[in-house]
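**Student:** Sharing a structure here in structure tokens format.
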Amino acid sequence: MNSQLSTNSYKETKENSNAKFKHLLSEYGILLALLGMAVALTILSPNFLTSANMLNLFKQVSINAVLAIGMTFVILTKGIDLSVGSILAFSGIITASLVVGNDTNLLLGIVAGLGAGLFLGAVNGIIIAKWKVTPFIATLGMMAIARGLTYIYSEGQPISGLSDAFLVIGTGGFLGIPISVWVVLVVFIICTLLLYHTKFGRYVYAVGGNENAARTSGLNVDRTLMSVYCISGLLAGLAGVLLTSRISSGLPQSGISYELDAIAAVVIGGTSLMGGRGRLWGTLVGALIIGVLNNGLDLLAVSSYWQQVIKGTIIIIAVLVDRKRT
Amino acid sequence: MTVQPFLLEMKGISKFFNGIKAISNVNLNIRKGTVHALMGENGAGKSTTMKILSGIYKPTEGTILMEGKEIFPNTPKVALDYGIAMIHQELSPIFEMTVAENIFLGREPLYSKVHLVNYPKMYKDTKKMFENLDLSINPKKKMKELSVSEIQMVEIVKAVSYDSKVIIMDEPTSSLADKEVEQLFSIINRLKKDGKGIIYISHKMDEIFRISDDITVFRDGEYISTNLAKDLDQETLIKQMVGRELTDVFPERNRSVKEEIALSVEGISAPGYFENVSFQVKKGEILGLTGLMGAGRTEVAKAIFGMIPIESGSIKLKGEPINIKEPKDAIKHGIALVTEDRKEEGLVLPMSVKQNITLSSLKSVSSGPMMKKNTEKQVADDMIKSLKIKTHHRNQLVETLSGGNQQKIVLAKWLLTNPTILILDEPTRGIDIGAKTEIYKLMDHLTKEGYSIIMISSEMPEVLGMSDRIIVLSEGKVMGTLSPKEATQEKILSLATANKVEV
């Protein structure tokens, strides 16, 4: 009996450490994947690990990272926001129209862009939380509405000749790091605090994990849903401001299909589309993986057609791996 | 019984779920052309046995014979092929499809050459089936246009159309009016004449004695007896169903119920669920609310908690009328509801033990919008300790815990909201006897601290062993109130199964 017990416990510890290893691997596997990709590209292309390329890469990633952070809140509640690309364009064009020429009120332009994003996000929230339209349909509608409003407002024309001071956001740097990357970091830190250190963050996970139980537990489910779409809209507006500054003009057709890259980053980062499971840092890594992939495949001169095939494959693999995790 | 080969035999069937016994050593013999009633309390093992027969579960042990030959109904499809069809209590037709499409679902007749669905044949065949049973339902109607009883008839026709030899009916009359019951019975009589074997599950005594030939009783997952219906009377049958002593599972009753009325419910109605329900709960009392499934017990609890709107009547807390529109309001007034279904409404499964425990009282573990993480850990650890929740760590996900521990977490969550009224809906469903005893002790302890408990339960021993007063509901109405001294399982059952005729 005794010996049996000891072999059992031996087996258990072995199984335990095995399980722990598996747990670690599934938890931090995407970091390894990112690292692996970076190492491979460094070996394959001399141009990958240069400061010029790195700065370029981070600037490119910043737009998607901002969108994806907002998308993470939405997806954690079991929702989806298809309208972020269009809201980005709308906010961008509003800001652009207010910062044309060099003697404009910069702050007003930026706040108006952010406000436009927040407003459209709030409309999404009302349609979803109060009128109970499924997030997919509500934001699909908003995707068309915001895009249409963008064309109406800009009469289909790009807005250029923006104030030099405004363009600093997209092109300038601080301590050798692009301002847009600083923006991502600040957004990430604020959102991490929001998600993991406030009551609201707990509501987000609870509503996504089991809406019925959240309601029964006395949580304000509707307000939580409203809030996540507001956050997503606001961050889409921020992304619009960043992009407008970087390309130094407001383009009504900007941001098309950006929502797909944002969703991909969230999913690759290990957040479940079923709601209630996920992590914000994973989204950041997910956005980086997509960025490195785009950048690396460009450097390796892989045709853009094949790039799409490869990106799609990676999204599907990420979900398959994630299913094992949960 | 004459020597006649059985149509269907189940021999020594046992089923374990994760090592926990659901049914053990069940025997069931169905004769050709008879109705065989299965009787037993909720959780006695009837459903599990039928799920094994219809291919939803695989038995852990035992054999099943159809006309003397061993069969292995491993999936519902295979069971159907063997001639076993089950009509579930909860009907789930495809409402957007026509009657005929539902009946032929998955085996649509095709034109021989082109392999497209032969609709004319489908409708013609369906019509013929209905005519054979004297039913007048239009095969081209969509299911959503039918009444509940018509849907039931369609399900029966569908079951018969598989050329079934054995047809299982689980509470077929639970949503039927008297006239429709008569129609059902005449169809059952026809099926008997055709030599089918019918397994009939129902709680309604009068029905059982009217329709069945044989009666088998289950209790606590075990086979008790099989008798000819004509050899039994209602009392004997109830005794067989109940037949056990209350053991020392329950804490000794030495409660001191205060005279002070904690909560009073006055004539509340919610159409479709219950009507004119009134009762009072005193301070320190456990009020048992019982009745059969579908009697409206859960709905009354949900109404008090603001999950079902009430149309008339009022709820008073310590004599003051309160207005409860949603759970938030109820929680504010110190009412807590541990729902019947832990996984659906109680827990957020992908969250940790700690996060679930504090979910309803996040205010008390935060300052402003920010969580006070250390306070939260402390509060969670205290609850884990005082309720003896078995978990490796407060950060373990609740989905990995056993039913008993999950239930304690739900309880912990509600105790943290400092309620005065605790409503427990089936507090021990699906948890093992050890954990049950712990929960009973906890309930007893809480009443001593001045909590009032409304306990909803279908388990007779639990109702009798724990309640200071018992209210029996049937079909949304209060049928009577019993003191623990006068209450017996027989009395409760006869109130709960009170015939519709009286209404």
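In the structure tokens, chains take letters A, B, ... by order of appearance, with residues numbered from 1 within each chain and ligands from 1 in the order shown.
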Just need the residues of chain B within 6 Å of chain A, counting only C-alpha atoms, so spit them out as a list in words.
**Tutor:** Pro327, Lys328, Glu345, Gly346, Leu347, Val348, Ser360, Pro369, Met370 and Met371 of chain B
**Student:** Create the file for the chosen residues now, containing N, CA and C atoms and written as a PDB file, in the first residue's frame.
**Tutor:**
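selection.pdb, written as the output of this step:
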ATOM      1  N   PRO B 327     -32.315  42.220 -10.489  1.00  0.00           N
ATOM      2  CA  PRO B 327     -31.544  41.629  -9.392  1.00  0.00           C
ATOM      3  C   PRO B 327     -30.815  42.672  -8.537  1.00  0.00           C
ATOM      4  N   LYS B 328     -30.296  43.726  -9.179  1.00  0.00           N
ATOM      5  CA  LYS B 328     -29.584  44.761  -8.434  1.00  0.00           C
ATOM      6  C   LYS B 328     -30.405  45.286  -7.263  1.00  0.00           C
ATOM      7  N   GLU B 345     -26.549  30.285 -14.403  1.00  0.00           N
ATOM      8  CA  GLU B 345     -26.850  31.586 -13.808  1.00  0.00           C
ATOM      9  C   GLU B 345     -26.040  31.898 -12.565  1.00  0.00           C
ATOM     10  N   GLY B 346     -25.291  30.913 -12.097  1.00  0.00           N
ATOM     11  CA  GLY B 346     -24.582  31.134 -10.836  1.00  0.00           C
ATOM     12  C   GLY B 346     -23.149  31.574 -11.001  1.00  0.00           C
ATOM     13  N   LEU B 347     -22.418  30.836 -11.804  1.00  0.00           N
ATOM     14  CA  LEU B 347     -20.977  31.043 -11.872  1.00  0.00           C
ATOM     15  C   LEU B 347     -20.542  31.613 -13.212  1.00  0.00           C
ATOM     16  N   VAL B 348     -19.436  32.333 -13.185  1.00  0.00           N
ATOM     17  CA  VAL B 348     -18.762  32.670 -14.431  1.00  0.00           C
ATOM     18  C   VAL B 348     -17.622  31.666 -14.543  1.00  0.00           C
ATOM     19  N   SER B 360     -20.486  39.766  -6.668  1.00  0.00           N
ATOM     20  CA  SER B 360     -21.676  40.565  -6.332  1.00  0.00           C
ATOM     21  C   SER B 360     -21.382  41.640  -5.310  1.00  0.00           C
ATOM     22  N   PRO B 369     -13.232  53.470  -8.430  1.00  0.00           N
ATOM     23  CA  PRO B 369     -13.239  52.482  -9.493  1.00  0.00           C
ATOM     24  C   PRO B 369     -12.162  51.392  -9.312  1.00  0.00           C
ATOM     25  N   MET B 370     -11.163  51.667  -8.458  1.00  0.00           N
ATOM     26  CA  MET B 370     -10.020  50.746  -8.389  1.00  0.00           C
ATOM     27  C   MET B 370     -10.271  49.606  -7.414  1.00  0.00           C
ATOM     28  N   MET B 371      -9.861  48.404  -7.839  1.00  0.00           N
ATOM     29  CA  MET B 371      -9.971  47.237  -6.961  1.00  0.00           C
ATOM     30  C   MET B 371      -8.909  47.323  -5.879  1.00  0.00           C
TER      31      MET B 371
END
**Student:** Check segment 73-273 of chain A with DSSP on the backbone and list each residue it calls strand (DSSP E), as a PyMOL selection string.
**Tutor:** chain A and resi 173-174+177-178
**Student:** Convert the current residue selection to file output with all heavy atoms, as a PDB file, in the first residue's frame.
**Tutor:**
ATOM      1  N   GLY A 173       9.547  62.060 -32.929  1.00  0.00           N
ATOM      2  CA  GLY A 173       9.891  61.059 -31.933  1.00  0.00           C
ATOM      3  C   GLY A 173      10.230  61.717 -30.620  1.00  0.00           C
ATOM      4  O   GLY A 173      10.366  62.942 -30.517  1.00  0.00           O
ATOM      5  N   PHE A 174      10.353  60.888 -29.604  1.00  0.00           N
ATOM      6  CA  PHE A 174      10.727  61.361 -28.286  1.00  0.00           C
ATOM      7  C   PHE A 174      11.664  60.313 -27.694  1.00  0.00           C
ATOM      8  O   PHE A 174      11.340  59.119 -27.694  1.00  0.00           O
ATOM      9  CB  PHE A 174       9.467  61.539 -27.427  1.00  0.00           C
ATOM     10  CG  PHE A 174       9.745  61.969 -26.017  1.00  0.00           C
ATOM     11  CD1 PHE A 174      10.314  63.225 -25.756  1.00  0.00           C
ATOM     12  CD2 PHE A 174       9.461  61.136 -24.946  1.00  0.00           C
ATOM     13  CE1 PHE A 174      10.574  63.626 -24.449  1.00  0.00           C
ATOM     14  CE2 PHE A 174       9.728  61.527 -23.651  1.00  0.00           C
ATOM     15  CZ  PHE A 174      10.283  62.782 -23.402  1.00  0.00           C
ATOM     16  N   ILE A 177      12.263  57.366 -29.894  1.00  0.00           N
ATOM     17  CA  ILE A 177      11.168  56.433 -30.177  1.00  0.00           C
ATOM     18  C   ILE A 177      10.019  57.238 -30.773  1.00  0.00           C
ATOM     19  O   ILE A 177       9.679  58.318 -30.265  1.00  0.00           O
ATOM     20  CB  ILE A 177      10.720  55.717 -28.885  1.00  0.00           C
ATOM     21  CG1 ILE A 177      11.847  54.795 -28.411  1.00  0.00           C
ATOM     22  CG2 ILE A 177       9.432  54.934 -29.103  1.00  0.00           C
ATOM     23  CD1 ILE A 177      11.627  54.189 -27.061  1.00  0.00           C
ATOM     24  N   PRO A 178       9.395  56.729 -31.865  1.00  0.00           N
ATOM     25  CA  PRO A 178       8.321  57.480 -32.520  1.00  0.00           C
ATOM     26  C   PRO A 178       7.186  57.796 -31.552  1.00  0.00           C
ATOM     27  O   PRO A 178       6.865  56.978 -30.676  1.00  0.00           O
ATOM     28  CB  PRO A 178       7.829  56.528 -33.612  1.00  0.00           C
ATOM     29  CG  PRO A 178       8.937  55.579 -33.839  1.00  0.00           C
ATOM     30  CD  PRO A 178       9.689  55.469 -32.554  1.00  0.00           C
TER      31      PRO A 178
END
**Student:** Find the residues near Leu162 of chain A: any atom within 8 Å, counting only C-alpha atoms, skip ones fewer than 6 places away on the same chain, and give them as a ChimeraX atom specification.
**Tutor:** /A:96,99-102,248-249
**Student:** Output N, CA and C atoms of each residue in that selection to a file, as a PDB file, in the first residue's frame.
**Tutor:**
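Once everything was written out, this is result.pdb:
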ATOM      1  N   ALA A  96      -8.495  66.012 -39.888  1.00  0.00           N
ATOM      2  CA  ALA A  96      -7.785  66.612 -41.015  1.00  0.00           C
ATOM      3  C   ALA A  96      -8.426  67.937 -41.413  1.00  0.00           C
ATOM      4  N   VAL A  99      -7.355  70.759 -39.054  1.00  0.00           N
ATOM      5  CA  VAL A  99      -5.948  71.135 -38.879  1.00  0.00           C
ATOM      6  C   VAL A  99      -5.281  71.494 -40.215  1.00  0.00           C
ATOM      7  N   VAL A 100      -6.104  71.898 -41.182  1.00  0.00           N
ATOM      8  CA  VAL A 100      -5.544  72.354 -42.459  1.00  0.00           C
ATOM      9  C   VAL A 100      -4.893  73.717 -42.250  1.00  0.00           C
ATOM     10  N   GLY A 101      -3.697  73.914 -42.799  1.00  0.00           N
ATOM     11  CA  GLY A 101      -3.006  75.203 -42.641  1.00  0.00           C
ATOM     12  C   GLY A 101      -2.276  75.248 -41.314  1.00  0.00           C
ATOM     13  N   ASN A 102      -1.459  76.287 -41.153  1.00  0.00           N
ATOM     14  CA  ASN A 102      -0.574  76.287 -39.998  1.00  0.00           C
ATOM     15  C   ASN A 102      -1.059  77.082 -38.791  1.00  0.00           C
ATOM     16  N   SER A 248       0.034  62.307 -43.580  1.00  0.00           N
ATOM     17  CA  SER A 248      -0.102  63.764 -43.769  1.00  0.00           C
ATOM     18  C   SER A 248      -1.279  64.164 -44.656  1.00  0.00           C
ATOM     19  N   SER A 249      -2.346  63.412 -44.592  1.00  0.00           N
ATOM     20  CA  SER A 249      -3.595  63.854 -45.210  1.00  0.00           C
ATOM     21  C   SER A 249      -4.750  62.993 -44.719  1.00  0.00           C
TER      22      SER A 249
END
**Student:** Would you pick out the contacts of segment 67-82 of chain B at 7 Å or less, using only C-alpha atoms, so that residues sharing its chain but fewer than 3 positions from it are not included, and give the list as an MDAnalysis selection string?
**Tutor:** chainID B and resid 6:8 53:56 58 63:64 85 162
**Student:** Those residues with N, CA, C and O atoms, as a PDB file, in the first residue's frame please?
**Tutor:**
ATOM      1  N   PHE B   6     -40.363 -11.175 -23.716  1.00  0.00           N
ATOM      2  CA  PHE B   6     -40.413  -9.718 -23.561  1.00  0.00           C
ATOM      3  C   PHE B   6     -39.986  -9.044 -24.851  1.00  0.00           C
ATOM      4  O   PHE B   6     -39.128  -9.544 -25.582  1.00  0.00           O
ATOM      5  N   LEU B   7     -40.583  -7.907 -25.101  1.00  0.00           N
ATOM      6  CA  LEU B   7     -40.193  -7.123 -26.263  1.00  0.00           C
ATOM      7  C   LEU B   7     -38.810  -6.540 -26.022  1.00  0.00           C
ATOM      8  O   LEU B   7     -37.905  -6.628 -26.841  1.00  0.00           O
ATOM      9  N   LEU B   8     -38.639  -5.995 -24.833  1.00  0.00           N
ATOM     10  CA  LEU B   8     -37.377  -5.356 -24.508  1.00  0.00           C
ATOM     11  C   LEU B   8     -36.984  -5.718 -23.077  1.00  0.00           C
ATOM     12  O   LEU B   8     -37.817  -5.740 -22.181  1.00  0.00           O
ATOM     13  N   LEU B  53     -31.280   3.847 -22.809  1.00  0.00           N
ATOM     14  CA  LEU B  53     -32.053   3.078 -23.780  1.00  0.00           C
ATOM     15  C   LEU B  53     -32.108   3.791 -25.138  1.00  0.00           C
ATOM     16  O   LEU B  53     -32.040   3.156 -26.177  1.00  0.00           O
ATOM     17  N   SER B  54     -32.193   5.118 -25.107  1.00  0.00           N
ATOM     18  CA  SER B  54     -32.335   5.831 -26.371  1.00  0.00           C
ATOM     19  C   SER B  54     -30.996   6.271 -26.952  1.00  0.00           C
ATOM     20  O   SER B  54     -30.947   7.067 -27.875  1.00  0.00           O
ATOM     21  N   GLY B  55     -29.899   5.763 -26.386  1.00  0.00           N
ATOM     22  CA  GLY B  55     -28.599   5.955 -27.020  1.00  0.00           C
ATOM     23  C   GLY B  55     -27.882   7.248 -26.682  1.00  0.00           C
ATOM     24  O   GLY B  55     -26.882   7.585 -27.302  1.00  0.00           O
ATOM     25  N   ILE B  56     -28.388   7.986 -25.693  1.00  0.00           N
ATOM     26  CA  ILE B  56     -27.720   9.246 -25.344  1.00  0.00           C
ATOM     27  C   ILE B  56     -26.537   8.956 -24.425  1.00  0.00           C
ATOM     28  O   ILE B  56     -25.459   9.530 -24.569  1.00  0.00           O
ATOM     29  N   LYS B  58     -24.031   5.768 -22.682  1.00  0.00           N
ATOM     30  CA  LYS B  58     -23.656   4.363 -22.774  1.00  0.00           C
ATOM     31  C   LYS B  58     -23.655   3.790 -21.369  1.00  0.00           C
ATOM     32  O   LYS B  58     -23.115   4.412 -20.453  1.00  0.00           O
ATOM     33  N   THR B  63     -26.769  -5.372 -19.837  1.00  0.00           N
ATOM     34  CA  THR B  63     -27.093  -5.708 -21.222  1.00  0.00           C
ATOM     35  C   THR B  63     -28.524  -5.298 -21.552  1.00  0.00           C
ATOM     36  O   THR B  63     -29.380  -5.200 -20.678  1.00  0.00           O
ATOM     37  N   ILE B  64     -28.740  -5.052 -22.816  1.00  0.00           N
ATOM     38  CA  ILE B  64     -30.069  -4.692 -23.306  1.00  0.00           C
ATOM     39  C   ILE B  64     -30.442  -5.686 -24.396  1.00  0.00           C
ATOM     40  O   ILE B  64     -29.645  -5.945 -25.310  1.00  0.00           O
ATOM     41  N   ALA B  85     -37.625   4.687 -29.944  1.00  0.00           N
ATOM     42  CA  ALA B  85     -37.779   6.117 -30.182  1.00  0.00           C
ATOM     43  C   ALA B  85     -38.163   6.796 -28.890  1.00  0.00           C
ATOM     44  O   ALA B  85     -38.923   6.255 -28.092  1.00  0.00           O
ATOM     45  N   TYR B 162     -40.694   5.684 -37.549  1.00  0.00           N
ATOM     46  CA  TYR B 162     -39.403   4.993 -37.659  1.00  0.00           C
ATOM     47  C   TYR B 162     -39.597   3.481 -37.547  1.00  0.00           C
ATOM     48  O   TYR B 162     -38.641   2.751 -37.382  1.00  0.00           O
TER      49      TYR B 162
END
**Student:** Write out as JSON, numbers by chain all residues of segment 96-290 of chain A that backbone DSSP assigns to alpha helix (DSSP H).
**Tutor:** {"A": [96, 97, 98, 106, 107, 108, 109, 110, 111, 112, 113, 114, 115, 116, 117, 118, 119, 120, 121, 122, 123, 124, 125, 135, 136, 137, 138, 139, 140, 141, 142, 143, 144, 145, 146, 147, 148, 149, 150, 151, 152, 153, 154, 164, 165, 166, 167, 168, 169, 170, 171, 179, 180, 181, 182, 183, 184, 185, 186, 187, 188, 189, 190, 191, 192, 193, 194, 195, 196, 197, 199, 200, 201, 202, 203, 204, 205, 206, 207, 208, 209, 211, 212, 213, 214, 215, 216, 221, 222, 223, 224, 225, 226, 227, 228, 229, 230, 231, 232, 233, 234, 235, 236, 237, 238, 239, 240, 241, 242, 243, 244, 245, 246, 258, 259, 260, 261, 262, 263, 264, 265, 266, 267, 268, 280, 281, 282, 283, 284, 285, 286, 287, 288, 289, 290]}
**Student:** Extract, using only C-alpha atoms, all DNA, RNA and protein residues at most 6 Å from segment 292-307 of chain B, discarding same-chain residues fewer than 6 positions from it, and format them as number ranges by chain.
**Tutor:** B: 273-274, 324-327, 330, 473-476
**Student:** For the residues in the current selection, export C-alpha atoms as a JSON list (two decimals), in the first residue's frame.
**Tutor:**
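Saved to again09.json:
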[["chain", "number", "residue", "atom", "x", "y", "z"],
["B", 273, "TYR", "CA", -45.90, 31.05, -14.28],
["B", 274, "PHE", "CA", -47.92, 31.34, -11.07],
["B", 324, "ILE", "CA", -37.80, 45.15, -7.22],
["B", 325, "LYS", "CA", -37.28, 45.50, -10.95],
["B", 326, "GLU", "CA", -33.99, 43.72, -11.44],
["B", 327, "PRO", "CA", -31.54, 41.63, -9.39],
["B", 330, "ALA", "CA", -33.09, 42.77, -4.72],
["B", 473, "LEU", "CA", -47.11, 24.46, -5.03],
["B", 474, "SER", "CA", -48.90, 22.85, -7.91],
["B", 475, "GLU", "CA", -49.44, 24.40, -11.30],
["B", 476, "GLY", "CA", -48.51, 27.86, -10.08]]
**Student:** Can you measure atom CA of Gly272 of chain B to atom CA of Glu340 of chain B for me? One decimal in Å is fine.
**Tutor:** 19.5 Å
**Student:** Residues at most 12 Å from Asp233 of chain B, counting only C-alpha atoms, excluding those fewer than 3 positions away in the same chain, as a VMD selection string?
**Tutor:** chain B and resid 205 to 206 208 to 210 215 227 to 230 236 to 240
**Student:** Can you write just those residues out, N, CA, C and O atoms, as a PDB file, in the first residue's frame?
**Tutor:**
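Printed below is result.pdb as written:
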ATOM      1  N   MET B 205     -50.564  10.646 -10.850  1.00  0.00           N
ATOM      2  CA  MET B 205     -51.034   9.344 -10.390  1.00  0.00           C
ATOM      3  C   MET B 205     -52.262   8.864 -11.161  1.00  0.00           C
ATOM      4  O   MET B 205     -52.330   7.710 -11.583  1.00  0.00           O
ATOM      5  N   ASP B 206     -53.233   9.763 -11.314  1.00  0.00           N
ATOM      6  CA  ASP B 206     -54.472   9.335 -11.952  1.00  0.00           C
ATOM      7  C   ASP B 206     -54.208   8.814 -13.363  1.00  0.00           C
ATOM      8  O   ASP B 206     -54.755   7.799 -13.783  1.00  0.00           O
ATOM      9  N   ILE B 208     -51.398   7.550 -14.504  1.00  0.00           N
ATOM     10  CA  ILE B 208     -50.652   6.300 -14.452  1.00  0.00           C
ATOM     11  C   ILE B 208     -51.604   5.123 -14.292  1.00  0.00           C
ATOM     12  O   ILE B 208     -51.508   4.117 -14.994  1.00  0.00           O
ATOM     13  N   PHE B 209     -52.562   5.277 -13.377  1.00  0.00           N
ATOM     14  CA  PHE B 209     -53.453   4.149 -13.132  1.00  0.00           C
ATOM     15  C   PHE B 209     -54.442   3.948 -14.274  1.00  0.00           C
ATOM     16  O   PHE B 209     -54.952   2.866 -14.486  1.00  0.00           O
ATOM     17  N   ARG B 210     -54.718   4.997 -15.014  1.00  0.00           N
ATOM     18  CA  ARG B 210     -55.637   4.859 -16.137  1.00  0.00           C
ATOM     19  C   ARG B 210     -54.995   4.153 -17.331  1.00  0.00           C
ATOM     20  O   ARG B 210     -55.610   3.342 -18.003  1.00  0.00           O
ATOM     21  N   ILE B 215     -46.124  -1.300 -13.809  1.00  0.00           N
ATOM     22  CA  ILE B 215     -45.501  -0.133 -13.173  1.00  0.00           C
ATOM     23  C   ILE B 215     -44.178  -0.547 -12.542  1.00  0.00           C
ATOM     24  O   ILE B 215     -44.134  -1.511 -11.763  1.00  0.00           O
ATOM     25  N   ASN B 227     -44.706  -4.159 -10.833  1.00  0.00           N
ATOM     26  CA  ASN B 227     -45.981  -4.805 -10.534  1.00  0.00           C
ATOM     27  C   ASN B 227     -46.961  -4.539 -11.656  1.00  0.00           C
ATOM     28  O   ASN B 227     -46.807  -3.584 -12.407  1.00  0.00           O
ATOM     29  N   LEU B 228     -47.990  -5.377 -11.713  1.00  0.00           N
ATOM     30  CA  LEU B 228     -49.100  -5.057 -12.606  1.00  0.00           C
ATOM     31  C   LEU B 228     -49.854  -3.887 -11.999  1.00  0.00           C
ATOM     32  O   LEU B 228     -50.013  -3.812 -10.780  1.00  0.00           O
ATOM     33  N   ALA B 229     -50.281  -2.982 -12.843  1.00  0.00           N
ATOM     34  CA  ALA B 229     -50.944  -1.787 -12.334  1.00  0.00           C
ATOM     35  C   ALA B 229     -52.176  -2.158 -11.521  1.00  0.00           C
ATOM     36  O   ALA B 229     -52.484  -1.541 -10.512  1.00  0.00           O
ATOM     37  N   LYS B 230     -52.880  -3.212 -11.935  1.00  0.00           N
ATOM     38  CA  LYS B 230     -54.122  -3.550 -11.242  1.00  0.00           C
ATOM     39  C   LYS B 230     -53.864  -4.119  -9.851  1.00  0.00           C
ATOM     40  O   LYS B 230     -54.771  -4.182  -9.038  1.00  0.00           O
ATOM     41  N   THR B 236     -49.782   2.478  -1.855  1.00  0.00           N
ATOM     42  CA  THR B 236     -48.673   1.535  -1.915  1.00  0.00           C
ATOM     43  C   THR B 236     -47.591   2.064  -2.853  1.00  0.00           C
ATOM     44  O   THR B 236     -46.392   1.987  -2.558  1.00  0.00           O
ATOM     45  N   LEU B 237     -48.057   2.591  -3.968  1.00  0.00           N
ATOM     46  CA  LEU B 237     -47.113   3.096  -4.968  1.00  0.00           C
ATOM     47  C   LEU B 237     -46.273   4.238  -4.395  1.00  0.00           C
ATOM     48  O   LEU B 237     -45.044   4.244  -4.512  1.00  0.00           O
ATOM     49  N   ILE B 238     -46.921   5.197  -3.725  1.00  0.00           N
ATOM     50  CA  ILE B 238     -46.180   6.327  -3.158  1.00  0.00           C
ATOM     51  C   ILE B 238     -45.175   5.819  -2.121  1.00  0.00           C
ATOM     52  O   ILE B 238     -44.024   6.264  -2.085  1.00  0.00           O
ATOM     53  N   LYS B 239     -45.598   4.848  -1.314  1.00  0.00           N
ATOM     54  CA  LYS B 239     -44.688   4.296  -0.305  1.00  0.00           C
ATOM     55  C   LYS B 239     -43.447   3.704  -0.964  1.00  0.00           C
ATOM     56  O   LYS B 239     -42.320   3.897  -0.506  1.00  0.00           O
ATOM     57  N   GLN B 240     -43.680   2.989  -2.058  1.00  0.00           N
ATOM     58  CA  GLN B 240     -42.541   2.392  -2.757  1.00  0.00           C
ATOM     59  C   GLN B 240     -41.605   3.466  -3.320  1.00  0.00           C
ATOM     60  O   GLN B 240     -40.395   3.318  -3.285  1.00  0.00           O
TER      61      GLN B 240
END
**Student:** Ranking B:Leu65, B:Leu401, B:Leu289, B:Met153 by minimum distance to Val277 of chain B and counting only C-alpha atoms, which one comes first?
**Tutor:**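 Nearest candidate to Val277 of chain B out of B:Leu65, B:Leu401, B:Leu289, B:Met153: B:Leu289.
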**Student:** Using only C-alpha atoms for the distances, tell me which of A:Leu140, A:Ile127, A:Val186, A:Ile247 is nearest to Gly161 of chain A.
**Tutor:**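 Using only C-alpha atoms, the shortest distance to Gly161 of chain A belongs to A:Ile247.
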**Student:** Between atom CA of Pro461 of chain B and atom CA of Leu422 of chain B, what is the distance in Å, rounded to a tenth?
**Tutor:**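 Separation of atom CA of Pro461 of chain B and atom CA of Leu422 of chain B: 20.3 Å.
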**Student:** So that I can check the surroundings of Gln152 of chain B, please list as JSON, numbers by chain every protein, DNA and RNA residue that reaches within 12 Å of it, counting only C-alpha atoms and ignoring chain neighbours fewer than 6 positions away.
**Tutor:** {"B": [86, 87, 88, 89, 90, 91, 92, 93, 99, 103, 135, 137, 143, 146, 158, 159, 169, 170, 171, 172, 173, 174, 175, 176, 180, 181, 183, 184, 187]}
**Student:** Grab the atom CA of Ile268 of chain A to atom CA of Gly36 of chain A distance for me, in Å with one decimal place.
**Tutor:**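 It comes out at 15.1 Å.
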**Student:** From the list B:Ser47, B:Asp178, B:Lys413, B:Leu362, which residue is nearest Ser149 of chain B when using only C-alpha atoms?
**Tutor:**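 Among the listed residues, the smallest separation from Ser149 of chain B belongs to B:Asp178.
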**Student:** Counting only C-alpha atoms, which of A:Ile94, A:Val221, A:Leu242, A:Ala52 gets nearest to Leu67 of chain A?
**Tutor:** A:Leu242
